Amino acid sequence: MRWKRRKKARPGRFPGLELCDLCAATFPEQRAVRGYVADSSSVHPVNDWFDGLRLLTACGPEHLESLRAEYKRRPFVDEELWAAKMTRALTSGPPVLTLEQLACRTGLHVPQIRRAVAWRNARPRYDA
Ligand SMILES: [Zn+2]
């Protein structure tokens, strides 16, 4: 018996339809062209194997290539990735009470956590 992965419906989307990340065109999901790019702002909600990778969806190969080129110009900042891992750990699962617990939950070393905090503190906040 073959085991098939169940697809999860993405909230806010119409079932069976996809959206191009470049031009916002909608099209049937089986026509989607997809690819991963390196992106230090992206962490997977539950699987840290995909941290630092962003899955792109495009309406065709030309738009996927344009998106790839755009992400190639974006710098990959380790501190940004570590900060994103910390945010995931702090906003899901049991509460994190100590720096050591945060290190354990993120797989980061304490000096990396300190650098990520300094990096985050040096950036303007848009959520206030
Ligand atoms: Zn497109």
# chains A, B, ... in the order shown; residues from 1 in each chain; ligands from 1
>>> residues_around(residues="range 91-104 of chain A", least_positions_apart="5", cutoff="10 Å", atoms="only C-alpha atoms", output="ChimeraX atom specification")
/A:45-46,85-86,109-114
>>> residues_around(residues="Ser66 in chain A", least_positions_apart="2", cutoff="12 Å", atoms="only C-alpha atoms", output="count of residues only")
21
>>> closest_residue(among="A:Ser41, A:Glu18, A:Tyr36, A:Pro28", to="Pro75 in chain A", atoms="only C-alpha atoms")
A:Ser41
>>> atom_distance(atom1="CA of Arg34 in chain A", atom2="CA of Trp82 in chain A")
25.4 Å
>>> closest_residue(among="A:Leu17, A:Leu67, A:Val117, A:Leu55", to="Thr87 in chain A", atoms="only C-alpha atoms")
A:Val117
>>> residues_around(residues="Glu79 in chain A", least_positions_apart="2", cutoff="8 Å", atoms="only C-alpha atoms", output="list in words")
Val77, Leu81, Trp82, Ala83, Gln112, Arg115, Ala116 and Trp119 of chain A
>>> select_by_dssp(residues="chain A", states="alpha helix (DSSP H)", output="VMD selection string")
chain A and resid 61 to 73 78 to 91 99 to 106 110 to 121
